[in-house]
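Taking it in order: structure first as structure tokens, then the write-up.
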There are 2 protein chains.
Amino acid sequence: MTALEVVRAAAGLDEYLASVEAELGRAVERRPGVVAEVGRGALDAGGKRLRPALAFLSSSPEDDPPVAAGAAVELVHMATLVHDDLIDGASVRRGRAAAWSEHGERAAKAAGDYLFARAFSVLAETGDPTAVALLADSSLALARGEAMQRRQRHDPDTTVDDYLERCALKTGALFEAACVLGGGSREYGRLLGIAFQIADDVLDCTGDTIETGKVPGTDLQDGTPTVPLLLAAQEDPVVRDALAGGPKEGVLVRVAASGALDQSRELALHYASEARSRLDGAPRRDELEALTRAVVERRS
Amino acid sequence: MTALEVVRAAAGLDEYLASVEAELGRAVERRPGVVAEVGRGALDAGGKRLRPALAFLSSSPEDDPPVAAGAAVELVHMATLVHDDLIDGASVRRGRAAAWSEHGERAAKAAGDYLFARAFSVLAETGDPTAVALLADSSLALARGEAMQRRQRHDPDTTVDDYLERCALKTGALFEAACVLGGGSREYGRLLGIAFQIADDVLDCTGDTIETGKVPGTDLQDGTPTVPLLLAAQEDPVVRDALAGGPKEGVLVRVAASGALDQSRELALHYASEARSRLDGAPRRDELEALTRAVVERRS
């Protein structure tokens, strides 16, 4: 079995994800109309439901599965994708037209806001204000990660540490929230999130379609300094220039030739291994270990 | 005393608004950085804190003042303003540069998302999941109002009923939430919100600076069919053409000449009067009555 198959075979996971899906459907369709339609589009577009799965795998088999927590983190994730499309002007995500290009900017903004609101509402229904505060804090982290990404744009002197801090904020924080809301380790979530993000950024350079469904090569095009681009830029002034805003043609081939992709994969493996070291006493340890392997092995 | 002075003189209101302000400050400054800075900008830009005042005046003097509820509705309002700036590309609001033009689109989006998250977190701390669900529902209404505004854009055949439904969603819903969270009447909030929005739309046509701080004449410029523009368009084909996207020059003068402004003020007064009729048994009835007069009498 591959690592991913181990994760997928976790007892009760399918049933849990079906419950989360039903909860997401209820959250989105509270009122018919354009907002529900955009929300439904974001929902149907799918994605791996990795964050809910993480909440589940962090919970104890003896407790009730954390359905509300799983739905809440996925709703925040979906809201972020809808809003990101708006900012990026991305016209295709996960193979579908972006919410805003079908329904207009206002509808997309509104739908994102609504998904966001619904995330907090779903979680508040569990009657746990600490959980709501935790999700709000992870939203702050996402926001800080966005702000940091903007500051780092077109800056080939971004350090690897700065890049890793950005990963921890824009990806690690919601992974953390999923783990903690499920009952698991905050540090595991953070480290897994960083590993995941590095792997994603490598996939962006190799030209495969990646989890978020964005068009490959986007980071270079946008001047977003990811670790493979930063490491390649240290070796190759043409890459450095492209990252700073210069011509992009043929640059991904140079990145691949530089060894930066392998170095980046090593870094992802390092974080995955660090994540594994935080699993003492976890009730579903085998699956969480397999997950650290699955996120860095994936090809899409 | 003017109606506004009656409202302002309500026993305990100043102290209450100071507590809300402190709560808003805490919510915004949870972490230093760009996001906090944008949030702080939105906070300092002020505004009337009308929604928190509404929560307070809806509460009973015998209960604890609803500080969390007041802060939560104001945070949602602020988040909406930050995001609206982003969509509208408005470069000036309340006399300051819009959040995004100072800090970039990503930072503005992130700050809006964060203010939004914080609203739900503040409210969840009160341990009342019904309140959080209510605020989420009013966020859905805001979103539906946005979507409706987009559909109605450049449509001079928008009916007054459609316009009123939009007002109820984009303004009434959050007024409703403020009232209900304070312990008051939902219908009063809805009707007051509609009266307020009509008055705002009249002010946009008369060229005064209005509550939200947007540049006067914006509705005509954007093709947003407000009631004064719709009524004038029924009489004057030049106004109709301008609303549908044609030339705008000299059109506001024609709107003023058409009698549509007075008819719209009448409509606002009607909704204010309807709101007053829903105050039986309200503990702070005098102030809430005065508020219905203040929102339609205002000049800015």
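Labels used: A, B, ... for chains in the order of the structure tokens, numbers from 1 for residues in each chain, and numbers from 1 for ligands as shown.
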
Note to self: Residues of segment 137-213 of chain A classed as helix (DSSP H, G or I) by DSSP on the backbone are to be reported as number ranges by chain.
What the structure shows: A: 137-152, 160-182, 186-206

With chain B held fixed, move chain A onto it by a least-squares fit of all C-alpha atoms in order and give the output as an mmCIF file with C-alpha atoms, in the first residue's frame.
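Written out: out.cif:
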```cif
data_model
loop_
_atom_site.group_PDB
_atom_site.id
_atom_site.type_symbol
_atom_site.label_atom_id
_atom_site.label_comp_id
_atom_site.auth_asym_id
_atom_site.auth_seq_id
_atom_site.Cartn_x
_atom_site.Cartn_y
_atom_site.Cartn_z
ATOM 1 C CA MET A 1 -32.837 69.003 21.647
ATOM 2 C CA THR A 2 -32.572 67.496 18.191
ATOM 3 C CA ALA A 3 -33.430 63.837 17.734
ATOM 4 C CA LEU A 4 -29.744 63.007 17.523
ATOM 5 C CA GLU A 5 -29.079 64.782 20.805
ATOM 6 C CA VAL A 6 -31.814 62.731 22.472
ATOM 7 C CA VAL A 7 -30.128 59.563 21.273
ATOM 8 C CA ARG A 8 -26.694 60.720 22.368
ATOM 9 C CA ALA A 9 -27.958 61.679 25.803
ATOM 10 C CA ALA A 10 -29.147 58.125 26.545
ATOM 11 C CA ALA A 11 -27.922 57.197 30.022
ATOM 12 C CA GLY A 12 -24.885 54.956 29.849
ATOM 13 C CA LEU A 13 -24.414 55.195 26.078
ATOM 14 C CA ASP A 14 -21.074 57.023 26.180
ATOM 15 C CA GLU A 15 -19.653 54.601 28.669
ATOM 16 C CA TYR A 16 -20.947 51.684 26.606
ATOM 17 C CA LEU A 17 -19.433 53.017 23.369
ATOM 18 C CA ALA A 18 -16.100 53.481 25.153
ATOM 19 C CA SER A 19 -16.220 49.804 26.180
ATOM 20 C CA VAL A 20 -17.041 48.774 22.602
ATOM 21 C CA GLU A 21 -14.145 50.892 21.346
ATOM 22 C CA ALA A 22 -11.781 49.163 23.750
ATOM 23 C CA GLU A 23 -13.079 45.765 22.636
ATOM 24 C CA LEU A 24 -12.608 46.738 18.982
ATOM 25 C CA GLY A 25 -9.062 47.828 19.736
ATOM 26 C CA ARG A 26 -8.302 44.505 21.425
ATOM 27 C CA ALA A 27 -9.835 42.567 18.541
ATOM 28 C CA VAL A 28 -7.810 44.421 15.936
ATOM 29 C CA GLU A 29 -4.486 44.417 17.705
ATOM 30 C CA ARG A 30 -4.193 40.772 18.579
ATOM 31 C CA ARG A 31 -0.976 40.665 16.539
ATOM 32 C CA PRO A 32 1.096 43.609 15.372
ATOM 33 C CA GLY A 33 1.761 43.844 11.636
ATOM 34 C CA VAL A 34 0.219 44.981 8.413
ATOM 35 C CA VAL A 35 -3.118 43.315 9.096
ATOM 36 C CA ALA A 36 -3.424 45.040 12.448
ATOM 37 C CA GLU A 37 -2.363 48.278 10.805
ATOM 38 C CA VAL A 38 -5.087 48.066 8.160
ATOM 39 C CA GLY A 39 -7.576 47.098 10.856
ATOM 40 C CA ARG A 40 -6.442 49.974 13.035
ATOM 41 C CA GLY A 41 -6.861 52.313 10.067
ATOM 42 C CA ALA A 42 -10.429 51.117 9.575
ATOM 43 C CA LEU A 43 -11.040 51.533 13.301
ATOM 44 C CA ASP A 44 -9.550 55.011 13.599
ATOM 45 C CA ALA A 45 -11.436 56.148 10.518
ATOM 46 C CA GLY A 46 -14.359 56.045 12.848
ATOM 47 C CA GLY A 47 -17.845 56.249 11.637
ATOM 48 C CA LYS A 48 -20.770 56.774 13.948
ATOM 49 C CA ARG A 49 -20.726 53.387 15.666
ATOM 50 C CA LEU A 50 -24.426 53.401 14.888
ATOM 51 C CA ARG A 51 -24.765 49.607 14.989
ATOM 52 C CA PRO A 52 -23.262 49.235 18.480
ATOM 53 C CA ALA A 53 -25.427 52.127 19.665
ATOM 54 C CA LEU A 54 -28.426 50.248 18.311
ATOM 55 C CA ALA A 55 -27.459 47.123 20.245
ATOM 56 C CA PHE A 56 -27.172 49.174 23.400
ATOM 57 C CA LEU A 57 -30.456 51.018 22.951
ATOM 58 C CA SER A 58 -32.184 47.676 22.293
ATOM 59 C CA SER A 59 -30.987 46.278 25.599
ATOM 60 C CA SER A 60 -32.648 46.671 28.944
ATOM 61 C CA PRO A 61 -31.028 49.042 31.472
ATOM 62 C CA GLU A 62 -31.344 46.191 33.940
ATOM 63 C CA ASP A 63 -29.097 43.868 31.947
ATOM 64 C CA ASP A 64 -25.365 44.063 31.356
ATOM 65 C CA PRO A 65 -24.684 46.269 28.323
ATOM 66 C CA PRO A 66 -24.134 44.102 25.208
ATOM 67 C CA VAL A 67 -20.491 45.045 24.594
ATOM 68 C CA ALA A 68 -19.501 41.890 22.697
ATOM 69 C CA ALA A 69 -22.575 42.112 20.462
ATOM 70 C CA GLY A 70 -21.887 45.774 19.698
ATOM 71 C CA ALA A 71 -18.245 45.089 18.875
ATOM 72 C CA ALA A 72 -19.193 42.083 16.723
ATOM 73 C CA VAL A 73 -21.680 43.934 14.521
ATOM 74 C CA GLU A 74 -19.253 46.842 14.102
ATOM 75 C CA LEU A 75 -16.433 44.450 13.148
ATOM 76 C CA VAL A 76 -18.644 42.892 10.452
ATOM 77 C CA HIS A 77 -19.479 46.405 9.230
ATOM 78 C CA MET A 78 -15.799 47.384 9.143
ATOM 79 C CA ALA A 79 -14.860 44.159 7.330
ATOM 80 C CA THR A 80 -17.491 44.942 4.725
ATOM 81 C CA LEU A 81 -16.128 48.451 4.200
ATOM 82 C CA VAL A 82 -12.567 47.173 3.760
ATOM 83 C CA HIS A 83 -13.717 44.555 1.241
ATOM 84 C CA ASP A 84 -16.002 47.002 -0.550
ATOM 85 C CA ASP A 85 -13.071 49.324 -1.092
ATOM 86 C CA LEU A 86 -11.249 46.447 -2.674
ATOM 87 C CA ILE A 87 -14.065 45.736 -5.097
ATOM 88 C CA ASP A 88 -14.995 49.284 -5.855
ATOM 89 C CA GLY A 89 -11.456 50.426 -6.238
ATOM 90 C CA ALA A 90 -12.525 53.394 -4.142
ATOM 91 C CA SER A 91 -9.375 55.283 -3.330
ATOM 92 C CA VAL A 92 -10.747 57.460 -0.578
ATOM 93 C CA ARG A 93 -13.152 56.552 2.187
ATOM 94 C CA ARG A 94 -13.888 58.660 5.217
ATOM 95 C CA GLY A 95 -11.222 61.049 4.044
ATOM 96 C CA ARG A 96 -8.411 58.504 4.211
ATOM 97 C CA ALA A 97 -6.752 56.356 1.606
ATOM 98 C CA ALA A 98 -8.556 53.031 1.297
ATOM 99 C CA ALA A 99 -6.864 50.123 3.045
ATOM 100 C CA TRP A 100 -5.875 48.439 -0.172
ATOM 101 C CA SER A 101 -4.346 51.458 -1.832
ATOM 102 C CA GLU A 102 -1.958 51.890 1.086
ATOM 103 C CA HIS A 103 -1.135 48.246 1.656
ATOM 104 C CA GLY A 104 -2.033 46.387 -1.499
ATOM 105 C CA GLU A 105 -4.965 44.205 -2.390
ATOM 106 C CA ARG A 106 -3.802 41.093 -0.572
ATOM 107 C CA ALA A 107 -3.369 42.950 2.691
ATOM 108 C CA ALA A 108 -6.804 44.534 2.351
ATOM 109 C CA LYS A 109 -8.474 41.225 1.586
ATOM 110 C CA ALA A 110 -6.647 39.602 4.450
ATOM 111 C CA ALA A 111 -7.479 42.406 6.861
ATOM 112 C CA GLY A 112 -11.154 42.259 5.908
ATOM 113 C CA ASP A 113 -11.194 38.490 6.399
ATOM 114 C CA TYR A 114 -9.516 38.930 9.734
ATOM 115 C CA LEU A 115 -11.958 41.566 10.991
ATOM 116 C CA PHE A 116 -14.712 39.208 9.934
ATOM 117 C CA ALA A 117 -13.199 36.265 11.814
ATOM 118 C CA ARG A 118 -12.665 38.402 14.880
ATOM 119 C CA ALA A 119 -16.341 39.443 14.875
ATOM 120 C CA PHE A 120 -17.399 35.844 15.273
ATOM 121 C CA SER A 121 -14.724 35.138 17.813
ATOM 122 C CA VAL A 122 -15.717 38.078 20.012
ATOM 123 C CA LEU A 123 -19.312 36.925 19.941
ATOM 124 C CA ALA A 124 -18.480 33.260 20.520
ATOM 125 C CA GLU A 125 -16.691 34.234 23.729
ATOM 126 C CA THR A 126 -20.080 35.092 25.186
ATOM 127 C CA GLY A 127 -20.882 31.382 24.938
ATOM 128 C CA ASP A 128 -24.060 31.893 22.929
ATOM 129 C CA PRO A 129 -24.080 29.807 19.713
ATOM 130 C CA THR A 130 -27.469 31.228 18.722
ATOM 131 C CA ALA A 131 -25.929 34.689 18.612
ATOM 132 C CA VAL A 132 -23.109 33.474 16.363
ATOM 133 C CA ALA A 133 -25.574 31.757 14.025
ATOM 134 C CA LEU A 134 -27.624 34.967 13.905
ATOM 135 C CA LEU A 135 -24.574 37.029 12.941
ATOM 136 C CA ALA A 136 -23.673 34.450 10.276
ATOM 137 C CA ASP A 137 -27.189 34.697 8.870
ATOM 138 C CA SER A 138 -26.917 38.451 8.689
ATOM 139 C CA SER A 139 -23.618 37.996 6.834
ATOM 140 C CA LEU A 140 -25.489 35.828 4.354
ATOM 141 C CA ALA A 141 -28.003 38.622 3.934
ATOM 142 C CA LEU A 142 -25.191 41.119 3.283
ATOM 143 C CA ALA A 143 -23.800 38.728 0.693
ATOM 144 C CA ARG A 144 -27.202 38.321 -0.951
ATOM 145 C CA GLY A 145 -27.602 42.097 -0.988
ATOM 146 C CA GLU A 146 -24.253 42.441 -2.766
ATOM 147 C CA ALA A 147 -25.246 39.854 -5.339
ATOM 148 C CA MET A 148 -28.566 41.607 -5.865
ATOM 149 C CA GLN A 149 -26.850 44.972 -6.288
ATOM 150 C CA ARG A 150 -24.740 43.489 -9.033
ATOM 151 C CA ARG A 151 -27.760 42.066 -10.835
ATOM 152 C CA GLN A 152 -29.579 45.390 -10.638
ATOM 153 C CA ARG A 153 -26.648 47.418 -11.919
ATOM 154 C CA HIS A 154 -27.446 49.605 -14.920
ATOM 155 C CA ASP A 155 -31.039 48.412 -14.865
ATOM 156 C CA PRO A 156 -33.405 51.445 -14.838
ATOM 157 C CA ASP A 157 -36.357 49.007 -14.731
ATOM 158 C CA THR A 158 -35.442 47.841 -11.246
ATOM 159 C CA THR A 159 -38.676 48.158 -9.268
ATOM 160 C CA VAL A 160 -38.892 50.108 -6.028
ATOM 161 C CA ASP A 161 -39.773 46.801 -4.329
ATOM 162 C CA ASP A 162 -36.571 45.202 -5.624
ATOM 163 C CA TYR A 163 -34.658 48.224 -4.391
ATOM 164 C CA LEU A 164 -36.283 47.952 -0.954
ATOM 165 C CA GLU A 165 -35.435 44.251 -0.777
ATOM 166 C CA ARG A 166 -31.812 45.125 -1.512
ATOM 167 C CA CYS A 167 -31.854 47.746 1.286
ATOM 168 C CA ALA A 168 -33.292 45.196 3.699
ATOM 169 C CA LEU A 169 -30.466 42.793 2.859
ATOM 170 C CA LYS A 170 -27.473 45.065 2.592
ATOM 171 C CA THR A 171 -28.323 47.419 5.449
ATOM 172 C CA GLY A 172 -31.391 46.142 7.302
ATOM 173 C CA ALA A 173 -29.920 42.740 8.160
ATOM 174 C CA LEU A 174 -27.027 44.040 10.240
ATOM 175 C CA PHE A 175 -29.306 46.590 11.943
ATOM 176 C CA GLU A 176 -31.616 43.652 12.722
ATOM 177 C CA ALA A 177 -28.735 41.657 14.144
ATOM 178 C CA ALA A 178 -27.688 44.598 16.344
ATOM 179 C CA CYS A 179 -31.245 44.926 17.696
ATOM 180 C CA VAL A 180 -31.813 41.215 18.269
ATOM 181 C CA LEU A 181 -28.390 40.696 19.868
ATOM 182 C CA GLY A 182 -29.158 43.618 22.170
ATOM 183 C CA GLY A 183 -32.494 42.059 23.088
ATOM 184 C CA GLY A 184 -34.809 44.199 20.956
ATOM 185 C CA SER A 185 -37.153 43.907 17.985
ATOM 186 C CA ARG A 186 -36.004 42.405 14.711
ATOM 187 C CA GLU A 187 -38.650 44.297 12.715
ATOM 188 C CA TYR A 188 -37.650 47.641 14.198
ATOM 189 C CA GLY A 189 -34.074 47.002 13.091
ATOM 190 C CA ARG A 190 -35.068 46.013 9.579
ATOM 191 C CA LEU A 191 -37.329 49.019 9.070
ATOM 192 C CA LEU A 192 -34.826 51.447 10.570
ATOM 193 C CA GLY A 193 -32.139 50.021 8.297
ATOM 194 C CA ILE A 194 -34.272 50.586 5.215
ATOM 195 C CA ALA A 195 -35.046 54.170 6.297
ATOM 196 C CA PHE A 196 -31.347 54.751 6.897
ATOM 197 C CA GLN A 197 -30.363 53.390 3.499
ATOM 198 C CA ILE A 198 -32.920 55.476 1.630
ATOM 199 C CA ALA A 199 -31.672 58.588 3.441
ATOM 200 C CA ASP A 200 -28.109 57.618 2.526
ATOM 201 C CA ASP A 201 -29.043 57.220 -1.115
ATOM 202 C CA VAL A 202 -30.705 60.636 -1.144
ATOM 203 C CA LEU A 203 -27.549 62.173 0.352
ATOM 204 C CA ASP A 204 -25.524 60.530 -2.411
ATOM 205 C CA CYS A 205 -27.633 62.420 -4.952
ATOM 206 C CA THR A 206 -27.523 65.765 -3.170
ATOM 207 C CA GLY A 207 -23.766 65.726 -3.150
ATOM 208 C CA ASP A 208 -23.148 65.723 0.589
ATOM 209 C CA THR A 209 -20.604 63.413 2.087
ATOM 210 C CA ILE A 210 -22.470 60.477 3.542
ATOM 211 C CA GLU A 211 -22.013 58.072 6.431
ATOM 212 C CA THR A 212 -19.943 55.527 4.609
ATOM 213 C CA GLY A 213 -17.692 58.306 3.429
ATOM 214 C CA LYS A 214 -17.977 57.387 -0.219
ATOM 215 C CA VAL A 215 -17.684 60.138 -2.778
ATOM 216 C CA PRO A 216 -21.128 61.690 -3.538
ATOM 217 C CA GLY A 217 -22.660 60.832 -6.887
ATOM 218 C CA THR A 218 -21.145 57.360 -6.741
ATOM 219 C CA ASP A 219 -24.440 55.536 -7.258
ATOM 220 C CA LEU A 220 -25.157 57.295 -10.540
ATOM 221 C CA GLN A 221 -21.560 56.836 -11.628
ATOM 222 C CA ASP A 222 -21.702 53.104 -10.852
ATOM 223 C CA GLY A 223 -25.169 52.614 -12.320
ATOM 224 C CA THR A 224 -26.590 51.529 -8.966
ATOM 225 C CA PRO A 225 -30.355 52.076 -9.133
ATOM 226 C CA THR A 226 -31.318 53.817 -5.887
ATOM 227 C CA VAL A 227 -34.838 55.038 -5.240
ATOM 228 C CA PRO A 228 -34.182 58.724 -6.047
ATOM 229 C CA LEU A 229 -32.538 57.733 -9.329
ATOM 230 C CA LEU A 230 -35.299 55.249 -10.166
ATOM 231 C CA LEU A 231 -38.092 57.731 -9.486
ATOM 232 C CA ALA A 232 -36.340 60.437 -11.496
ATOM 233 C CA ALA A 233 -35.732 57.964 -14.331
ATOM 234 C CA GLN A 234 -39.464 57.286 -14.508
ATOM 235 C CA GLU A 235 -39.990 60.964 -15.358
ATOM 236 C CA ASP A 236 -36.895 61.879 -17.307
ATOM 237 C CA PRO A 237 -35.410 59.806 -20.153
ATOM 238 C CA VAL A 238 -32.018 61.510 -19.734
ATOM 239 C CA VAL A 239 -31.788 60.203 -16.160
ATOM 240 C CA ARG A 240 -32.986 56.822 -17.342
ATOM 241 C CA ASP A 241 -30.298 56.724 -19.981
ATOM 242 C CA ALA A 242 -27.581 57.783 -17.499
ATOM 243 C CA LEU A 243 -28.627 55.051 -15.068
ATOM 244 C CA ALA A 244 -28.428 52.519 -17.889
ATOM 245 C CA GLY A 245 -24.838 53.528 -18.560
ATOM 246 C CA GLY A 246 -25.181 56.667 -20.699
ATOM 247 C CA PRO A 247 -23.580 60.092 -20.098
ATOM 248 C CA LYS A 248 -23.802 61.382 -16.523
ATOM 249 C CA GLU A 249 -23.052 65.056 -16.943
ATOM 250 C CA GLY A 250 -25.637 67.366 -15.436
ATOM 251 C CA VAL A 251 -27.831 64.429 -14.510
ATOM 252 C CA LEU A 252 -27.847 64.999 -10.735
ATOM 253 C CA VAL A 253 -29.261 68.475 -11.341
ATOM 254 C CA ARG A 254 -32.094 66.879 -13.325
ATOM 255 C CA VAL A 255 -32.698 64.401 -10.491
ATOM 256 C CA ALA A 256 -32.983 67.310 -8.050
ATOM 257 C CA ALA A 257 -35.382 69.104 -10.413
ATOM 258 C CA SER A 258 -37.627 66.046 -10.767
ATOM 259 C CA GLY A 259 -39.109 65.921 -7.290
ATOM 260 C CA ALA A 260 -37.622 62.439 -6.819
ATOM 261 C CA LEU A 261 -35.559 63.570 -3.842
ATOM 262 C CA ASP A 262 -38.626 64.724 -1.918
ATOM 263 C CA GLN A 263 -40.541 61.575 -2.826
ATOM 264 C CA SER A 264 -37.597 59.514 -1.582
ATOM 265 C CA ARG A 265 -37.404 61.483 1.654
ATOM 266 C CA GLU A 266 -41.118 60.750 2.121
ATOM 267 C CA LEU A 267 -40.412 57.058 1.663
ATOM 268 C CA ALA A 268 -37.626 57.199 4.269
ATOM 269 C CA LEU A 269 -40.006 58.965 6.674
ATOM 270 C CA HIS A 270 -42.593 56.251 6.038
ATOM 271 C CA TYR A 271 -40.142 53.499 6.992
ATOM 272 C CA ALA A 272 -38.975 55.472 10.022
ATOM 273 C CA SER A 273 -42.594 55.762 11.122
ATOM 274 C CA GLU A 274 -43.147 52.029 10.554
ATOM 275 C CA ALA A 275 -40.085 51.342 12.680
ATOM 276 C CA ARG A 276 -41.544 53.489 15.499
ATOM 277 C CA SER A 277 -44.700 51.398 15.442
ATOM 278 C CA ARG A 278 -42.708 48.343 16.527
ATOM 279 C CA LEU A 279 -41.537 49.706 19.830
ATOM 280 C CA ASP A 280 -44.291 48.618 22.207
ATOM 281 C CA GLY A 281 -42.694 47.590 25.470
ATOM 282 C CA ALA A 282 -39.155 48.582 24.476
ATOM 283 C CA PRO A 283 -37.269 49.618 27.635
ATOM 284 C CA ARG A 284 -35.515 52.538 25.941
ATOM 285 C CA ARG A 285 -38.417 53.541 23.751
ATOM 286 C CA ASP A 286 -37.772 57.300 23.756
ATOM 287 C CA GLU A 287 -34.229 56.934 22.482
ATOM 288 C CA LEU A 288 -35.214 54.370 19.843
ATOM 289 C CA GLU A 289 -37.982 56.694 18.641
ATOM 290 C CA ALA A 290 -35.530 59.580 18.496
ATOM 291 C CA LEU A 291 -33.182 57.380 16.491
ATOM 292 C CA THR A 292 -35.815 56.842 13.790
ATOM 293 C CA ARG A 293 -35.948 60.614 13.437
ATOM 294 C CA ALA A 294 -32.186 61.111 13.580
ATOM 295 C CA VAL A 295 -31.421 58.678 10.727
ATOM 296 C CA VAL A 296 -33.708 60.426 8.276
ATOM 297 C CA GLU A 297 -32.894 63.981 9.393
ATOM 298 C CA ARG A 298 -29.155 63.670 9.080
ATOM 299 C CA ARG A 299 -27.242 65.779 6.616
ATOM 300 C CA SER A 300 -24.129 63.605 6.585
#
```

Next item on the list: Could you please write out, as a ChimeraX atom specification, every residue of segment 10-222 of chain B that DSSP assigns to strand (DSSP E or B)?
Entry: /B:92-93,96-97

Keeping only N, CA and C atoms, write those residues as a compact mmCIF listing (two decimals), in the first residue's frame.
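Produced file again-v1.txt, reproduced below:
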```
# COMPACT_ATOMS: atom_id res chain seq x y z
N VAL B 92 -10.72 56.65 -1.83
CA VAL B 92 -10.87 57.46 -0.63
C VAL B 92 -12.14 57.04 0.08
N ARG B 93 -12.05 56.81 1.36
CA ARG B 93 -13.23 56.52 2.16
C ARG B 93 -13.05 57.20 3.50
N ARG B 96 -9.83 59.08 4.12
CA ARG B 96 -8.50 58.46 4.16
C ARG B 96 -8.31 57.62 2.92
N ALA B 97 -7.07 57.29 2.67
CA ALA B 97 -6.83 56.37 1.57
C ALA B 97 -7.45 55.02 1.96
```
